[in-house]
Every structure is written in C-alpha cells, then in structure tokens.
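Working notes, beginning with the structure itself.
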Amino acid sequence: MARRRKKAKSKIHFAQFLVHGPTYHSLAMWRHPETQAAGWDWSRPELYQHIAQVCERGLFDMAFFADLNYIADTFRGSMEPSLRYATQAPEHDPLPLLSFMAAATKHIGVAATFSVSHHHPFYAARLWASLDHLTGGRAGWNVVTSINSNQAANHGEERAPTEQRYERAFEFMEVCRKLWDSWEADAVVMDAPGAVFADADKVHRIEHEGRFFKSRGPLNVVRSPQNGPAILQAGTSPQGRDFAARHADAIFAIQPRAEDAGAYLADIKRRMADDYGRPPGHCRILFGAQPIIGESEAHAREKQQIHNELVPLDGGLAILSAHLDFDLSKIPPEALMAEREEPQLHRMRTRFLKPDGSSMTMAEVAQRHGQGVGLPQFVGTAEGVADQMEAFMETAGGDGFMLTPIYSPGAIEEFVEQVIPILQRRGLYRTEYKGRTQREILRQED
Ligand SMILES: Cc1cc2nc3c(=O)[nH]c(=O)nc-3n(C[C@H](O)[C@H](O)[C@H](O)COP(=O)(O)O)c2cc1C
C-alpha cells in the first residue's frame with residue numbers, strides 16, 4: 001500500500017518592524033536598560049544599517065518602517081503625553097534610510113510607509129522608482145491612507161472619510177502604475193555611436209484625468225528593477241482589504257488571536273482569488289509579534305515583567321488615542337472596549353479581545369497598546385518561542401510574522417541567533433535567499 005506522503009509545511013516569512021525614532025511599538029523600548037546600555041543613536045543611519053545586516057543574517061524578507069507625520073494631541077487635547085512618553089514621536093522620515101540600509105546589505109528588502117493622503121502620485125511614483133533603482137529592486141512601499149486629524153492638519157487638510165480615503169488610494173495607485181509603465185522595458189537603447197539614449201517610441205504619455213488627479217506623464221525615471229517597488233498594505237476596513245487583495249505583495253496585520261488571524265488570512269486570500277485572480281502566494285500576510293526570549297522560561301517571564309512594567313499607562317492611552325484618532329480620556333478605565341459603540345473603536349476590535357474571546361477593559365487595552373500596539377508577546381526559551389510561532393502559523397494557515405523588539409539593538413539579534421536555527425532545523429524556515437528582488441523573495445516558497 002502506498003504510504004501517504006506528509007504534506008510539507010509552508011515556510012514562515014519574517015519581517016522586522018522599525019520606526020526612524022526612539023520608539024517602535026514598545027513605549028518602554030527607548031528607556032529599557034538594554035537599549036540604554038547598548039548606547040546607539042536612533043537618529044543615525046549606523047543603527048539601521050546594523051539592524052538590516054542582522055535581519056539579513058536571519059534571511060528575513062524585509063526591514064520595514066512605519067511612518068507617521070505628526071505629534072499627536074489626540075489624548076486630552078494635549079501634545080504633552082506624546083512628547084513626554086515618545087509615543088512614536090519624534091519620528092524622522094524613514095525614506096532616506098532605505099538607501100543607507102540597501103548599501104550595507106545584498107538581499108534583504110527595505111520597506112517604508114508613505115501615505116497617499118497628502119501628495120501627488122507623480123511625486124510618489126518618481127520617488128519609489130528611484131528608490132527601487134538605488135536598492136537594486138529591493139524597495140517596498142507600505143501604501144497607507146492616513147486617519148489622524150493631526151497629520152491631515154499638518155498638510156493643511158481635513159481628515160477624509162473612509163470611502164473617500166480608499167477611492168483616492170485606488171486612483172493614486174492607478175496613476176503610479178501608469179507612470180511606472182510609461183517606460184517600456186527596452187526603451188533605453190544606449191546606442192552611443194548612433195547617438196540614441198532612449199527610443200522615443202517606447203516612452204509614453206499617460207494622459208490621466210481622474211476624480212482626484214491629473215497627470216500627463218511620462219515619468220522621467222527609467223523603468224526600475226521591479227517596475228515600481230513591492231507594494232505593502234496595512235489597513236483593516238473592507239476597503240483596505242480590497243486594496244490589499246488587488247495591489248499588495250505583503251500585508252502587515254495585527255490579529256493577536258490565531259483564530260482571528262486565520263479568518264483574516266482566509267478573507268484576504270479569497271478576495272485575491274475571486275476578485276482579482278491572484279494566486280495566494282502573491283501576497284504574504286505578516287502578523288505582528290513581539291518575541292521575549294529567555295535562558296529559561298522563568299527568565300523570559302522576568303524579562304517580560306521588567307519590560308511591561310516600564311510602560312506608562314498614560315503613554316499607552318496617548319498612543320492608542322492617536323492611532324484611533326479618538327480621545328480615550330472620554331472612556332472610563334473599566335469600560336469593556338469590544339462592547340463600545342463608537343465607530344472609531346471598531347477598526348481595532350479584534351485587538352481588544354482576550355485569548356478566551358472576552359473583552360479587555362480600556363485600561364488593559366491601553367497597557368497592551370503601550371507594550372506593543374496590542375500584538376501578542378511570545379514569551380519563553382528559544383525553543384518555546386519557536387513552538388508558539390509554529391502553533392500560531394498552524395492555526396492561522398500562513399504566511400509569517402512582523403517582529404517588533406522590546407529593546408533595540410539586542411532583541412533582534414537574540415531572535416536571529418537563537419530562534420531562526422530552530423525553525424530551520426524543523427524545516428519551517430528557509431536556509432537561503434532565492435530571488436533577487438523584494439517581490440521574488442516574498443514569493444519564495446522554500
Ligand atoms: C498594522 C497596521 C500598521 C499601520 N501602520 C501605519 C503607519 O505606519 N502609518 C500610517 O499612517 N498608518 C498606518 N496604519 C493605518 C492604516 O494605514 C489605516 O490608516 C488605518 O488602518 C485605517 O484604515 P482602515 O480604515 O482600512 O483600517 C497602520 C494600520 C495597521 C493595521
């Protein structure tokens with residue numbers, strides 16, 4: 001009788017979450033004793049080059065930057081808690097760092113967030129095509145539609161309603177793609193004796209006239225290695241999911257419970273197949289996770305406690321208020337968050353649930369948001385963390401994790417040195433990069 005071959009498990013993908021500032025997700029990070037002892041300057045490129053090299057040693061798909069354009073006064077109408085607790089504030093522009101990081105590495109993707117809510121698509125298309133050239137096809141653009149009123153005000157605008165935010169985002173992307181396509185692949189001839197640099201028949205105007213934008217084209221940037229960067233997305237509304245299913249090569253998602261992650265993943269992959277005819281491996285879903293690795297289980301728990309106790313509750317309330325664009329000082333600390341009616345709170349509903357599905361109180365949610373924006377902490381020895389990740393992936397059904405550290409540098413190194421080899425031994429993780437561009441590495445199956 002023929003033995004049934006065991007189905008090979010799909011490989012996990014990893015990305016590293018970063019912010020060009022003192023605080024990534026954890027509000028404790030900048031003043032954690034390990035960060036302080038390491039003594040790196042977060043405003044200098046050397047730190048990020050070092051992190052990119054560590055992540056490349058770990059064969060990660062990418063190093064990824066979030067980005068916000070404001071110092072929030074959402075909580076209690078004051079900037080004081082944002083500045084005092086460094087709630088992703090200050091935040092320097094991450095885009096210049098991508099070139100520094102690519103120059104110090106060979107394979108890893110370098111990705112950053114750039115909002116489509118404030119600029120013209122010609123500017124974005126040119127910027128990202130140029131970055132794709134400079135990084136040798138390793139650039140990734142996290143396309144977000146911004147919801148914070150402080151950010152809108154910094155650009156002299158009002159925050160737009162969800163429908164309109166995404167209508168504009170779809171058109172923004174359409175214009176960018178037309179501009180990237182405006183140079184045919186063989187438009188550059190470089191015929192020096194004949195004095196022909198580019199074939200004018202292969203460079204086209206786009207003549208775009210839409211609801212939000214007009215652009216004549218062509219782009220004045222030669223077609224880049226990926227023809228524009230890899231596209232990432234992070235948004236949870238039905239419109240955001242539709243945008244991801246259509247355009248994204250990867251999604252950064254926060255679903256603390258593996259069952260919710262599974263439902264989210266199934267929804268995206270179904271939308272990709274049914275609505276856009278895309279194969280499931282063409283968009284990787286990376287679930288946020290915060291590993292805390294100890295020499296023993298007890299040591300890991302102690303590290304978790306030291307970290308979590310450094311998180312100021314008011315800081316958690318301030319950063320969550322900014323992320324929701326809703327002043328949480330209006331809600332009592334004992335209120336059950338998942339039962340609240342305010343529409344602004346709905347987008348993070350799954351982050352407000354305990355493992356058993358019951359609701360956290362506002363104080364609990366704020367504490368967790370300050371620890372790591374509500375994403376799950378995987379705490380244990382390296383073997384234990386690998387076990388937890390394997391179990392999460394099995395329930396969720398793929399694709400991987402966006403890791404966020406409790407201190408930096410240090411925590412990323414621990415993960416790469418201790419957890420990656422265990423996952424490789426289990427056959428759950430790649431042992432080499434296959435592919436040259438960011439998109440090819442994201443699509444890598446083995
Ligand atoms: C995991 C995650 C990460 C995000 N990162 C950023 C970011 O770095 N910058 C930003 O402006 N918005 C960021 N956002 C906000 C989204 O792009 C979007 O504005 C928000 O989720 C509202 O969109 P939605 O209505 O589709 O949920 C992020 C959202 C999620 C879920």
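To be explicit about the labels: the chains of the structure tokens are called A, B, and onward in the order shown, and within each one the residues are counted from 1, while ligands get numbers from 1 in the order they are shown.
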
Q: Go through the chains and note each residue within 10 Å of ligand 1, using only C-alpha atoms and all ligand atoms, then give the set as a PyMOL selection string.
A: chain A and resi 17-19+64-70+88+112-117+142-148+151+161-163+165-166+233-244+251-255+286-288+323-325+344+346-348+373+375+402

Running DSSP on the backbone, which parts of stretch 52-155 of chain A land in strand (DSSP E or B), as a PDB file with C-alpha atoms, in the first residue's frame?
ATOM      1  CA  MET A  62      12.484  42.781   4.777  1.00  0.00           C
ATOM      2  CA  ALA A  63      13.238  45.502   7.286  1.00  0.00           C
ATOM      3  CA  PHE A  64      10.098  47.639   7.420  1.00  0.00           C
ATOM      4  CA  PHE A  65       9.476  51.172   8.672  1.00  0.00           C
ATOM      5  CA  GLY A 109      14.140  44.067   1.196  1.00  0.00           C
ATOM      6  CA  VAL A 110      13.938  47.580   2.632  1.00  0.00           C
ATOM      7  CA  ALA A 111      10.423  48.898   3.006  1.00  0.00           C
ATOM      8  CA  ALA A 112       8.784  52.015   4.387  1.00  0.00           C
ATOM      9  CA  THR A 113       5.403  53.586   4.851  1.00  0.00           C
ATOM     10  CA  PHE A 114       4.401  56.543   2.699  1.00  0.00           C
ATOM     11  CA  SER A 115       0.882  57.893   2.932  1.00  0.00           C
ATOM     12  CA  ALA A 139      12.342  48.594  -2.245  1.00  0.00           C
ATOM     13  CA  GLY A 140       8.923  48.109  -0.648  1.00  0.00           C
ATOM     14  CA  TRP A 141       6.268  50.791  -0.202  1.00  0.00           C
ATOM     15  CA  ASN A 142       3.655  50.440   2.522  1.00  0.00           C
ATOM     16  CA  VAL A 143       0.713  52.295   0.997  1.00  0.00           C
ATOM     17  CA  VAL A 144      -1.395  53.774   3.789  1.00  0.00           C
TER      18      VAL A 144
END

Q.
If we count only C-alpha atoms and set the cut-off at 12 Å, which residues sit around A:Gly435, ignoring sequence neighbours fewer than 2 positions away in its own chain? Please answer as a list in words.
A.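 Once the nearby chain positions are removed, what remains is Leu59, Asp61, Lys106, His107, Ile108, Gly109, Gly137, Arg138, Glu432, Tyr433, Thr437, Gln438, Arg439, Glu440, Ile441, Leu442, Arg443, Gln444, Glu445 and Asp446 of chain A.
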
Q) Residues at most 12 Å from A:Gln424, counting only C-alpha atoms, excluding those fewer than 4 positions away in the same chain, as a list in words? A) Lys11, Ile12, His13, Gly58, Leu59, Glu383, Ala386, Glu390, Val416, Glu417, Gln418, Val419, Ile420, Leu428, Tyr429, Arg430, Thr431, Glu432 and Asp446 of chain A

Please, could you write that set of residues out with C-alpha atoms as a PDB file, in the first residue's frame?
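Once everything was written out, this is part.pdb:
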ATOM      1  CA  LYS A  11       7.729  28.150   5.246  1.00  0.00           C
ATOM      2  CA  ILE A  12       7.375  31.096   7.612  1.00  0.00           C
ATOM      3  CA  HIS A  13       8.249  34.587   6.356  1.00  0.00           C
ATOM      4  CA  GLY A  58      18.391  35.865   9.629  1.00  0.00           C
ATOM      5  CA  LEU A  59      17.239  35.676   5.971  1.00  0.00           C
ATOM      6  CA  GLU A 383      12.508  26.543  21.739  1.00  0.00           C
ATOM      7  CA  ALA A 386       9.599  28.636  18.156  1.00  0.00           C
ATOM      8  CA  GLU A 390       4.706  27.201  14.866  1.00  0.00           C
ATOM      9  CA  VAL A 416      18.130  35.666  14.710  1.00  0.00           C
ATOM     10  CA  GLU A 417      20.804  33.808  16.646  1.00  0.00           C
ATOM     11  CA  GLN A 418      18.545  31.610  18.759  1.00  0.00           C
ATOM     12  CA  VAL A 419      15.121  31.090  17.171  1.00  0.00           C
ATOM     13  CA  ILE A 420      15.933  31.071  13.446  1.00  0.00           C
ATOM     14  CA  LEU A 428       9.845  25.668   8.843  1.00  0.00           C
ATOM     15  CA  TYR A 429      12.233  28.307   7.583  1.00  0.00           C
ATOM     16  CA  ARG A 430      14.391  28.946   4.522  1.00  0.00           C
ATOM     17  CA  THR A 431      18.135  28.342   4.600  1.00  0.00           C
ATOM     18  CA  GLU A 432      18.983  30.710   1.750  1.00  0.00           C
ATOM     19  CA  ASP A 446      11.104  27.129   0.146  1.00  0.00           C
TER      20      ASP A 446
END

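Residue nearest A:Ile406, chosen from A:Ala322, A:Ala335, A:Ala72, A:Ala289 and counting only C-alpha atoms: A:Ala289.
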
(Q) Env of A:Arg368: 10 Å cut, atoms = only C-alpha atoms, seq-sep filter 2 positions within chain, self excluded. Answer as a list in words. (A) Ser26, Asn308, Val311, Leu313, Gly316, Leu317, Leu320, Arg351, Phe352, Met360, Met362, Ala363, Glu364, Val365, Ala366, Gly370, Gln371, Gly372, Val373, Gly374, Leu375, Pro376 and Gln377 of chain A

Would you export the selected residues with C-alpha atoms as a PDB file, in the first residue's frame, please?
ATOM      1  CA  SER A  26       7.002  49.411  22.729  1.00  0.00           C
ATOM      2  CA  ASN A 308       5.860  45.624  30.629  1.00  0.00           C
ATOM      3  CA  VAL A 311       5.222  51.057  30.031  1.00  0.00           C
ATOM      4  CA  LEU A 313      -0.380  53.811  31.190  1.00  0.00           C
ATOM      5  CA  GLY A 316      -0.487  53.783  26.190  1.00  0.00           C
ATOM      6  CA  LEU A 317      -3.646  55.886  26.242  1.00  0.00           C
ATOM      7  CA  LEU A 320      -3.834  54.415  21.201  1.00  0.00           C
ATOM      8  CA  ARG A 351      -7.110  43.698  19.324  1.00  0.00           C
ATOM      9  CA  PHE A 352      -9.417  44.325  22.291  1.00  0.00           C
ATOM     10  CA  MET A 360     -10.460  43.734  27.785  1.00  0.00           C
ATOM     11  CA  MET A 362      -9.843  50.174  28.423  1.00  0.00           C
ATOM     12  CA  ALA A 363      -7.016  50.167  30.996  1.00  0.00           C
ATOM     13  CA  GLU A 364      -5.915  46.691  29.823  1.00  0.00           C
ATOM     14  CA  VAL A 365      -6.094  47.690  26.175  1.00  0.00           C
ATOM     15  CA  ALA A 366      -4.064  50.851  26.788  1.00  0.00           C
ATOM     16  CA  GLY A 370       1.859  50.741  25.079  1.00  0.00           C
ATOM     17  CA  GLN A 371       3.675  47.382  25.295  1.00  0.00           C
ATOM     18  CA  GLY A 372       3.418  46.698  21.582  1.00  0.00           C
ATOM     19  CA  VAL A 373       0.239  48.096  19.995  1.00  0.00           C
ATOM     20  CA  GLY A 374      -1.718  45.058  21.168  1.00  0.00           C
ATOM     21  CA  LEU A 375       0.208  42.445  19.260  1.00  0.00           C
ATOM     22  CA  PRO A 376       0.939  39.167  21.040  1.00  0.00           C
ATOM     23  CA  GLN A 377       4.056  38.586  23.112  1.00  0.00           C
TER      24      GLN A 377
END

Counting only C-alpha atoms, what are the residues of stretch 86-202 of chain A within 8 Å of stretch 36-45 of chain A, and for each of them which pair of atoms is the nearest and at what distance in Å, to one decimal? Sort the table by chain and rising number, as CSV.
residue,atom,partner,partner_atom,distance
A:His92,CA,A:Ser43,CA,7.8
A:Leu97,CA,A:Pro45,CA,6.5
A:Phe100,CA,A:Pro45,CA,6.7
A:Met101,CA,A:Pro45,CA,7.9

Quick one: write out the picked residues with C-alpha atoms as a PDB file, in the first residue's frame?
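Result file follows (out_0.pdb):
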ATOM      1  CA  HIS A  92      12.094  61.153  11.369  1.00  0.00           C
ATOM      2  CA  LEU A  97      17.408  55.348   5.421  1.00  0.00           C
ATOM      3  CA  PHE A 100      21.731  53.564   3.574  1.00  0.00           C
ATOM      4  CA  MET A 101      20.426  50.117   4.525  1.00  0.00           C
TER       5      MET A 101
END

Q: Please provide as an MDAnalysis selection string all residues within 12 Å of A:Glu414, with the sequence filter that same-chain residues fewer than 5 positions apart are discarded (counting only C-alpha atoms).
A: chainID A and resid 51 54:55 57:58 291:295 381:382 385 405:409 419:421

Q: Report the distance between atom CA of A:Arg257 and atom CA of A:Leu423 in Å, rounded to one decimal place.
A: 21.2 Å

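Between A:Tyr123 and the candidates A:Ala104, A:Val175, A:Leu83, A:Val379, the tightest atom-to-atom separation, counting only C-alpha atoms, involves A:Val175.
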
Q | Close residues, A:Leu179 itself excluded, 8 Å, only C-alpha atoms, min 4 positions apart in chain, as a PyMOL selection string | A | chain A and resi 122+125+175+183+206+217-219

Go ahead and dump the residues you just picked, N, CA and C atoms, as a PDB file, in the first residue's frame.
ATOM      1  N   PHE A 122       2.496  61.666  -8.941  1.00  0.00           N
ATOM      2  CA  PHE A 122       3.723  61.776  -9.755  1.00  0.00           C
ATOM      3  C   PHE A 122       4.944  61.793  -8.841  1.00  0.00           C
ATOM      4  N   ALA A 125       5.457  58.239  -7.442  1.00  0.00           N
ATOM      5  CA  ALA A 125       5.920  57.288  -8.464  1.00  0.00           C
ATOM      6  C   ALA A 125       7.408  57.519  -8.753  1.00  0.00           C
ATOM      7  N   VAL A 175      -2.497  55.746 -11.029  1.00  0.00           N
ATOM      8  CA  VAL A 175      -1.625  56.726 -11.678  1.00  0.00           C
ATOM      9  C   VAL A 175      -0.163  56.289 -11.560  1.00  0.00           C
ATOM     10  N   TRP A 183       7.515  53.814 -19.271  1.00  0.00           N
ATOM     11  CA  TRP A 183       8.766  53.413 -19.940  1.00  0.00           C
ATOM     12  C   TRP A 183       8.678  51.922 -20.235  1.00  0.00           C
ATOM     13  N   ILE A 206       0.824  59.448 -20.284  1.00  0.00           N
ATOM     14  CA  ILE A 206      -0.256  58.640 -19.699  1.00  0.00           C
ATOM     15  C   ILE A 206      -1.607  59.349 -19.810  1.00  0.00           C
ATOM     16  N   GLY A 217       2.414  62.677 -17.739  1.00  0.00           N
ATOM     17  CA  GLY A 217       3.461  61.706 -17.980  1.00  0.00           C
ATOM     18  C   GLY A 217       4.275  62.057 -19.205  1.00  0.00           C
ATOM     19  N   PRO A 218       5.280  61.240 -19.563  1.00  0.00           N
ATOM     20  CA  PRO A 218       5.704  60.039 -18.842  1.00  0.00           C
ATOM     21  C   PRO A 218       6.483  60.381 -17.579  1.00  0.00           C
ATOM     22  N   LEU A 219       6.820  59.345 -16.811  1.00  0.00           N
ATOM     23  CA  LEU A 219       7.736  59.516 -15.682  1.00  0.00           C
ATOM     24  C   LEU A 219       9.117  59.842 -16.253  1.00  0.00           C
TER      25      LEU A 219
END

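Atom CA of A:Thr135 sits 6.3 Å away from atom CA of A:Ser99.
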
Q | Straight-line distance linking atom CA of A:Glu174 with atom CA of A:Gly210, stated in Å to one decimal | A |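 Distance between the two atoms: 9.9 Å.
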
Q: Go through A:Glu56, A:Ala230, A:Arg76, A:Asp93 one by one, measure the shortest atom-to-atom distance of each to A:Trp128 using only C-alpha atoms, and give the residue with the smallest value.
A: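 Smallest distance to A:Trp128 is found for A:Ala230.
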
Q. Residues of stretch 78-188 of chain A in alpha helix (DSSP H) according to DSSP, as a VMD selection string?
A. chain A and resid 80 to 85 95 to 103 121 to 134 149 to 154 162 to 180

Restricting it to C-alpha atoms, dump the selection as a CSV table (one decimal), in the first residue's frame.
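Dumped everything to part_2.csv:
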chain,number,residue,atom,x,y,z
A,80,GLU,CA,2.4,66.7,26.4
A,81,PRO,CA,1.9,62.9,26.8
A,82,SER,CA,3.1,62.3,23.2
A,83,LEU,CA,6.3,64.2,23.8
A,84,ARG,CA,6.9,63.0,27.3
A,85,TYR,CA,6.5,59.3,26.6
A,95,LEU,CA,12.8,57.0,3.3
A,96,PRO,CA,16.4,58.3,3.2
A,97,LEU,CA,17.4,55.3,5.4
A,98,LEU,CA,16.4,52.8,2.8
A,99,SER,CA,19.3,53.8,0.6
A,100,PHE,CA,21.7,53.6,3.6
A,101,MET,CA,20.4,50.1,4.5
A,102,ALA,CA,20.5,48.8,1.0
A,103,ALA,CA,24.1,50.0,0.6
A,121,PRO,CA,1.1,60.4,-7.3
A,122,PHE,CA,3.7,61.8,-9.8
A,123,TYR,CA,5.9,62.6,-6.8
A,124,ALA,CA,5.4,59.2,-5.2
A,125,ALA,CA,5.9,57.3,-8.5
A,126,ARG,CA,9.2,59.1,-9.1
A,127,LEU,CA,10.4,58.7,-5.5
A,128,TRP,CA,9.7,55.0,-5.3
A,129,ALA,CA,11.0,54.2,-8.8
A,130,SER,CA,14.2,56.0,-7.8
A,131,LEU,CA,14.4,54.0,-4.6
A,132,ASP,CA,13.8,50.8,-6.5
A,133,HIS,CA,16.8,51.6,-8.7
A,134,LEU,CA,19.0,52.6,-5.7
A,149,SER,CA,-6.5,64.6,12.2
A,150,ASN,CA,-3.1,66.0,13.4
A,151,GLN,CA,-1.5,64.5,10.3
A,152,ALA,CA,-4.2,66.0,8.0
A,153,ALA,CA,-3.8,69.4,9.7
A,154,ASN,CA,0.0,69.3,9.1
A,162,THR,CA,-13.0,56.0,4.8
A,163,GLU,CA,-14.8,55.7,1.4
A,164,GLN,CA,-13.0,58.7,0.0
A,165,ARG,CA,-9.7,57.8,1.5
A,166,TYR,CA,-9.6,54.5,-0.4
A,167,GLU,CA,-11.2,55.8,-3.6
A,168,ARG,CA,-8.3,58.3,-3.7
A,169,ALA,CA,-5.8,55.5,-2.8
A,170,PHE,CA,-7.1,53.3,-5.7
A,171,GLU,CA,-6.7,56.2,-8.1
A,172,PHE,CA,-3.3,57.1,-6.6
A,173,MET,CA,-2.1,53.6,-7.3
A,174,GLU,CA,-3.5,53.6,-10.8
A,175,VAL,CA,-1.6,56.7,-11.7
A,176,CYS,CA,1.6,55.4,-10.2
A,177,ARG,CA,1.3,52.1,-12.2
A,178,LYS,CA,0.6,54.0,-15.4
A,179,LEU,CA,3.7,56.2,-14.7
A,180,TRP,CA,5.9,53.1,-14.0
